[in-house]
Amino acid sequence: MTRATGVITGVSVSHRQADVREIESAATTDQRAAVDRLLEEGPVTEAFALQTCNRVEAYVVTDSADAGRAVLKEYAAEIPDSITEWLDHEASLRHLMRVAAGLESLVIGEDQIIGQVRDAYEDARSVGGIGPVLESAITKAIHVGERARSETAINEGVVSVGSAAVELAAGEHDLEGATATVIGAGEMATLAAKALDARTDVGRLFVVNRTVEHAERVLDSVSVGGDSLHMDDLEQAVTAADIVISATGTAEPVVDSELLAGTGETVVLDLARPRDIPERVSQLSDVTRYDLDALKSVTEETRAQRRDAALEVEQLIEEAFGELLTQYKRKRADEVISAMYEGAERHKAAELQKAFAKLDLDEGEREVVESMADAIVNKLLAPPTSGLRDAAEDDDWSTINTALRLFDPSLDGETPPIEEFVADAPGSETERELPPAVQDRLDD
């Protein structure tokens, strides 16, 4: 049976619609677990999940858009509709490119996101979530993200949530000679430490992590002097700090009100999801707390500064989007063409068998007849093959449907169920009535 190559359906919860708490509540245990869960659904042939501090997204490939939407509706059943964005096939393709290029980030043009997309791709692939449809979509998105950063100025200046947080703190507080503590040693924490080093005049830096060797690597990446400490020494590092930046991946808070009480004036920036520093610390008179939601003033300035670069990136995305659609359309046409050739081959084999049963031919004569049959099939199908590919690029799915009916690949005369294939083709037209001459041919 001829089937469509599949359509993508996506659902997104991001900083555009949701706050940090809502994004936290929408997240699953991890990306692989999300993909595994989606692949358990019968209609799903491919799946992809992306979870960062600012977004939680899931994508599925199914034979029809309705099936994909139904699966994701169930998957996101506990997420309020007010913070969800639903994406059809074409919207998913564009959105993935915009995400990888940094246009959908809290800090427009941030560099972290392209690495996060790559990691999510590897996670999905490791559990069998990546097939031909998502392979094309995600690799194209990553390629666009790379081009955006190498061919435009989209990532000049503030290029990460960590640097945006430091920019905010430096703009609101005097950090000259301050003691800073960074909790965590991942990419976000490292970027924050580097931003502190480049943007401020902090006098000393503590880096605290469960693995001291990782904390040492962060400290080695900056010029400011300091110490790498184990989490057992967290109280010492927080008590001594004027500014605390936390960016761990732990499920529970790492800094609470008791730890901050009595430390004097302290600026704390929570860049983690789930959050490392609960909101209630803001009730302490000497503590000023910022989280990801507080970065919007800095990110809006960045967005305004990069407006021209963003327009260039949008153009790159539109070009890549057109290329990707053409690629998908050709794959769909090739699927029909493959069915057409398979049907012709079966008919040819059946007719050759009948002929050989009636003729007394030696091996050489049989090869001549077989070669002639191959040549006839190939010459007859070459023009419709070219025409079908052109029709797919022009979204002329009525022509493809008509061709498949005329070149019925089945031996029992049943018309393949192409209607579903055509109906779910991205950008396809509604199926039209067949021309009378064609209909008469079918009726016969």
# chains A, B, ... in the order shown; residues from 1 in each chain; ligands from 1

$ residues_around --residues "Leu260 (chain A)" --least-positions-apart "2" --cutoff "12 Å" --atoms "only C-alpha atoms" --output "PyMOL selection string"
chain A and resi 234-244+254-258+262-268+277-278+280-289

$ select_by_dssp --residues "region 240-371 of chain A" --states "helix (DSSP H, G or I)" --output "PyMOL selection string"
chain A and resi 240+257-260+279-283+292-305+307-358+363-371

$ residues_around --residues "Leu196 (chain A)" --least-positions-apart "6" --cutoff "9 Å" --atoms "only C-alpha atoms" --output "list in words"
Gly162, Ser163, Val166, Glu167, Ala170, Ala180, Val202 and Val222 of chain A

$ atom_distance --atom1 "CA of Asp30 (chain A)" --atom2 "CA of Ile114 (chain A)"
17.9 Å

$ residues_around --residues "Asn155 (chain A)" --least-positions-apart "5" --cutoff "12 Å" --atoms "only C-alpha atoms" --output "ChimeraX atom specification"
/A:101-103,105,107-114,145-150,160,302-303,305-307,309-310,313

$ closest_residue --among "A:Ala47, A:Ala169, A:Leu134, A:Ala189" --to "Leu295 (chain A)" --atoms "only C-alpha atoms"
A:Ala169

$ closest_atom_pairs --of "region 75-180 of chain A" --to "region 317-338 of chain A" --cutoff "12 Å" --atoms "only C-alpha atoms" --output "Markdown table"
| residue | atom | partner | partner_atom | distance |
| --- | --- | --- | --- | --- |
| A:His89 | CA | A:Leu325 | CA | 10.1 |
| A:Glu90 | CA | A:Leu325 | CA | 8.2 |
| A:Ala91 | CA | A:Phe321 | CA | 10.1 |
| A:Ser92 | CA | A:Phe321 | CA | 10.6 |
| A:Leu93 | CA | A:Phe321 | CA | 7.1 |
| A:Arg94 | CA | A:Phe321 | CA | 6.6 |
| A:His95 | CA | A:Ile317 | CA | 9.6 |
| A:Leu96 | CA | A:Ile317 | CA | 9.9 |
| A:Met97 | CA | A:Ile317 | CA | 6.5 |
| A:Arg98 | CA | A:Ile317 | CA | 7.3 |
| A:Val99 | CA | A:Ile317 | CA | 10.7 |
| A:Ala100 | CA | A:Ile317 | CA | 10.4 |
| A:Ala101 | CA | A:Ile317 | CA | 8.6 |
| A:Gly102 | CA | A:Ile317 | CA | 11.5 |
| A:Leu103 | CA | A:Ile317 | CA | 10.5 |
| A:Pro132 | CA | A:Tyr328 | CA | 9.7 |
| A:Val133 | CA | A:Tyr328 | CA | 7.9 |
| A:Leu134 | CA | A:Tyr328 | CA | 10.8 |
| A:Glu135 | CA | A:Leu324 | CA | 11.3 |
| A:Ser136 | CA | A:Leu324 | CA | 7.5 |
| A:Ala137 | CA | A:Leu324 | CA | 7.4 |
| A:Ile138 | CA | A:Leu324 | CA | 10.6 |
| A:Thr139 | CA | A:Leu324 | CA | 10.5 |
| A:Lys140 | CA | A:Ala320 | CA | 7.3 |
| A:Ala141 | CA | A:Ala320 | CA | 8.4 |
| A:Ile142 | CA | A:Ala320 | CA | 11.0 |
| A:His143 | CA | A:Ala320 | CA | 9.1 |
| A:Val144 | CA | A:Ile317 | CA | 6.7 |
| A:Gly145 | CA | A:Ile317 | CA | 9.1 |
| A:Glu146 | CA | A:Ile317 | CA | 11.5 |
| A:Arg147 | CA | A:Ile317 | CA | 9.8 |
| A:Ala148 | CA | A:Ile317 | CA | 8.9 |

$ write_last_selection --atoms "N, CA and C atoms" --output "CSV table (one decimal), in the first residue's frame"
chain,number,residue,atom,x,y,z
A,89,HIS,N,2.8,21.1,9.8
A,89,HIS,CA,4.0,20.6,9.2
A,89,HIS,C,4.9,21.8,8.8
A,90,GLU,N,4.4,22.7,8.0
A,90,GLU,CA,5.2,23.8,7.5
A,90,GLU,C,5.7,24.8,8.7
A,91,ALA,N,4.8,25.0,9.6
A,91,ALA,CA,5.1,25.8,10.8
A,91,ALA,C,6.2,25.2,11.6
A,92,SER,N,6.2,23.8,11.7
A,92,SER,CA,7.2,23.1,12.4
A,92,SER,C,8.6,23.3,11.8
A,93,LEU,N,8.6,23.2,10.4
A,93,LEU,CA,9.9,23.3,9.7
A,93,LEU,C,10.4,24.7,9.9
A,94,ARG,N,9.6,25.7,9.8
A,94,ARG,CA,10.1,27.1,10.0
A,94,ARG,C,10.5,27.3,11.4
A,95,HIS,N,9.7,26.8,12.4
A,95,HIS,CA,10.0,27.1,13.8
A,95,HIS,C,11.4,26.4,14.2
A,96,LEU,N,11.6,25.2,13.7
A,96,LEU,CA,12.9,24.5,14.0
A,96,LEU,C,14.1,25.3,13.5
A,97,MET,N,13.9,25.9,12.3
A,97,MET,CA,15.0,26.7,11.8
A,97,MET,C,15.2,28.0,12.6
A,98,ARG,N,14.1,28.6,13.0
A,98,ARG,CA,14.2,29.9,13.8
A,98,ARG,C,14.8,29.6,15.2
A,99,VAL,N,14.4,28.4,15.7
A,99,VAL,CA,15.0,28.1,17.0
A,99,VAL,C,16.5,27.9,16.9
A,100,ALA,N,17.0,27.1,15.9
A,100,ALA,CA,18.4,26.8,15.8
A,100,ALA,C,19.2,28.1,15.4
A,101,ALA,N,18.5,29.0,14.7
A,101,ALA,CA,19.2,30.3,14.4
A,101,ALA,C,19.2,31.3,15.5
A,102,GLY,N,18.5,31.0,16.6
A,102,GLY,CA,18.5,31.9,17.7
A,102,GLY,C,17.4,33.0,17.7
A,103,LEU,N,16.5,32.9,16.7
A,103,LEU,CA,15.5,34.0,16.6
A,103,LEU,C,14.4,33.8,17.6
A,132,PRO,N,13.5,9.6,8.2
A,132,PRO,CA,13.8,10.4,7.1
A,132,PRO,C,13.2,11.8,7.1
A,133,VAL,N,12.0,11.9,7.7
A,133,VAL,CA,11.4,13.2,7.7
A,133,VAL,C,12.1,14.2,8.7
A,134,LEU,N,12.2,13.7,10.0
A,134,LEU,CA,12.9,14.6,10.9
A,134,LEU,C,14.4,14.7,10.7
A,135,GLU,N,15.0,13.8,10.1
A,135,GLU,CA,16.4,13.9,9.7
A,135,GLU,C,16.6,15.1,8.8
A,136,SER,N,15.8,15.2,7.8
A,136,SER,CA,15.9,16.3,6.8
A,136,SER,C,15.6,17.6,7.6
A,137,ALA,N,14.5,17.7,8.4
A,137,ALA,CA,14.1,18.9,9.0
A,137,ALA,C,15.1,19.4,10.0
A,138,ILE,N,15.7,18.5,10.9
A,138,ILE,CA,16.6,19.0,11.9
A,138,ILE,C,17.9,19.3,11.4
A,139,THR,N,18.5,18.5,10.5
A,139,THR,CA,19.8,18.8,9.9
A,139,THR,C,19.7,20.1,9.1
A,140,LYS,N,18.6,20.3,8.4
A,140,LYS,CA,18.5,21.6,7.7
A,140,LYS,C,18.5,22.8,8.7
A,141,ALA,N,17.7,22.6,9.8
A,141,ALA,CA,17.7,23.6,10.9
A,141,ALA,C,19.1,23.9,11.5
A,142,ILE,N,19.8,22.9,11.7
A,142,ILE,CA,21.2,23.1,12.3
A,142,ILE,C,22.1,23.8,11.3
A,143,HIS,N,21.9,23.4,10.0
A,143,HIS,CA,22.7,24.1,8.9
A,143,HIS,C,22.4,25.6,8.9
A,144,VAL,N,21.1,25.9,9.0
A,144,VAL,CA,20.7,27.3,8.9
A,144,VAL,C,21.2,28.0,10.1
A,145,GLY,N,21.2,27.4,11.3
A,145,GLY,CA,21.7,28.0,12.5
A,145,GLY,C,23.2,28.3,12.4
A,146,GLU,N,23.9,27.4,11.8
A,146,GLU,CA,25.4,27.6,11.5
A,146,GLU,C,25.6,28.8,10.6
A,147,ARG,N,24.8,28.8,9.5
A,147,ARG,CA,24.9,29.9,8.5
A,147,ARG,C,24.6,31.3,9.1
A,148,ALA,N,23.6,31.3,10.0
A,148,ALA,CA,23.2,32.5,10.6
A,148,ALA,C,24.3,33.1,11.4

$ residues_around --residues "Gly225 (chain A)" --least-positions-apart "4" --cutoff "9 Å" --atoms "only C-alpha atoms" --output "PyMOL selection string"
chain A and resi 203-206+219

$ write_last_selection --atoms "N, CA and C atoms" --output "PDB file, in the first residue's frame"
ATOM      1  N   GLY A 203      36.272  41.079  42.153  1.00  0.00           N
ATOM      2  CA  GLY A 203      37.613  40.872  42.683  1.00  0.00           C
ATOM      3  C   GLY A 203      37.960  39.414  42.915  1.00  0.00           C
ATOM      4  N   ARG A 204      36.935  38.579  43.123  1.00  0.00           N
ATOM      5  CA  ARG A 204      37.196  37.168  43.425  1.00  0.00           C
ATOM      6  C   ARG A 204      36.014  36.323  42.972  1.00  0.00           C
ATOM      7  N   LEU A 205      36.309  35.094  42.560  1.00  0.00           N
ATOM      8  CA  LEU A 205      35.257  34.219  42.044  1.00  0.00           C
ATOM      9  C   LEU A 205      35.362  32.837  42.676  1.00  0.00           C
ATOM     10  N   PHE A 206      34.257  32.406  43.248  1.00  0.00           N
ATOM     11  CA  PHE A 206      34.136  31.018  43.704  1.00  0.00           C
ATOM     12  C   PHE A 206      33.284  30.261  42.686  1.00  0.00           C
ATOM     13  N   LEU A 219      36.937  27.775  36.318  1.00  0.00           N
ATOM     14  CA  LEU A 219      37.826  28.803  36.857  1.00  0.00           C
ATOM     15  C   LEU A 219      39.027  29.029  35.932  1.00  0.00           C
TER      16      LEU A 219
END

$ atom_distance --atom1 "CA of Lys73 (chain A)" --atom2 "CA of Asn54 (chain A)"
21.0 Å

$ select_by_dssp --residues "region 223-281 of chain A" --states "strand (DSSP E)" --output "PyMOL selection string"
chain A and resi 226-230+243-246+266-270

$ write_last_selection --atoms "N, CA and C atoms" --output "PDB file, in the first residue's frame"
ATOM      1  N   GLY A 226      40.363  33.033  42.061  1.00  0.00           N
ATOM      2  CA  GLY A 226      39.291  32.473  42.875  1.00  0.00           C
ATOM      3  C   GLY A 226      39.588  31.065  43.313  1.00  0.00           C
ATOM      4  N   ASP A 227      38.526  30.351  43.710  1.00  0.00           N
ATOM      5  CA  ASP A 227      38.669  28.987  44.219  1.00  0.00           C
ATOM      6  C   ASP A 227      37.562  28.101  43.660  1.00  0.00           C
ATOM      7  N   SER A 228      37.902  26.864  43.410  1.00  0.00           N
ATOM      8  CA  SER A 228      36.909  25.862  43.017  1.00  0.00           C
ATOM      9  C   SER A 228      36.569  25.038  44.248  1.00  0.00           C
ATOM     10  N   LEU A 229      35.260  24.930  44.519  1.00  0.00           N
ATOM     11  CA  LEU A 229      34.820  24.301  45.756  1.00  0.00           C
ATOM     12  C   LEU A 229      33.801  23.191  45.495  1.00  0.00           C
ATOM     13  N   HIS A 230      33.707  22.269  46.446  1.00  0.00           N
ATOM     14  CA  HIS A 230      32.689  21.228  46.404  1.00  0.00           C
ATOM     15  C   HIS A 230      31.391  21.783  46.975  1.00  0.00           C
ATOM     16  N   ILE A 243      27.494  38.623  44.858  1.00  0.00           N
ATOM     17  CA  ILE A 243      26.616  38.213  43.760  1.00  0.00           C
ATOM     18  C   ILE A 243      26.714  36.703  43.599  1.00  0.00           C
ATOM     19  N   VAL A 244      25.555  36.047  43.516  1.00  0.00           N
ATOM     20  CA  VAL A 244      25.479  34.592  43.371  1.00  0.00           C
ATOM     21  C   VAL A 244      24.731  34.277  42.077  1.00  0.00           C
ATOM     22  N   ILE A 245      25.354  33.482  41.223  1.00  0.00           N
ATOM     23  CA  ILE A 245      24.708  33.027  39.985  1.00  0.00           C
ATOM     24  C   ILE A 245      24.611  31.510  40.048  1.00  0.00           C
ATOM     25  N   SER A 246      23.396  30.988  39.946  1.00  0.00           N
ATOM     26  CA  SER A 246      23.207  29.542  40.050  1.00  0.00           C
ATOM     27  C   SER A 246      22.647  28.993  38.751  1.00  0.00           C
ATOM     28  N   THR A 266      23.054  41.072  48.914  1.00  0.00           N
ATOM     29  CA  THR A 266      23.447  40.030  47.962  1.00  0.00           C
ATOM     30  C   THR A 266      22.524  40.069  46.751  1.00  0.00           C
ATOM     31  N   VAL A 267      23.124  39.981  45.583  1.00  0.00           N
ATOM     32  CA  VAL A 267      22.379  39.868  44.330  1.00  0.00           C
ATOM     33  C   VAL A 267      22.419  38.404  43.912  1.00  0.00           C
ATOM     34  N   VAL A 268      21.263  37.797  43.694  1.00  0.00           N
ATOM     35  CA  VAL A 268      21.240  36.399  43.264  1.00  0.00           C
ATOM     36  C   VAL A 268      20.540  36.299  41.908  1.00  0.00           C
ATOM     37  N   LEU A 269      21.132  35.537  41.023  1.00  0.00           N
ATOM     38  CA  LEU A 269      20.563  35.318  39.690  1.00  0.00           C
ATOM     39  C   LEU A 269      20.366  33.820  39.497  1.00  0.00           C
ATOM     40  N   ASP A 270      19.123  33.413  39.328  1.00  0.00           N
ATOM     41  CA  ASP A 270      18.780  31.999  39.145  1.00  0.00           C
ATOM     42  C   ASP A 270      18.550  31.746  37.660  1.00  0.00           C
TER      43      ASP A 270
END

$ atom_distance --atom1 "CA of Gly129 (chain A)" --atom2 "CA of Thr62 (chain A)"
12.2 Å

$ residues_around --residues "Ala26 (chain A)" --least-positions-apart "5" --cutoff "9 Å" --atoms "only C-alpha atoms" --output "ChimeraX atom specification"
/A:13,21,56,76,78-79
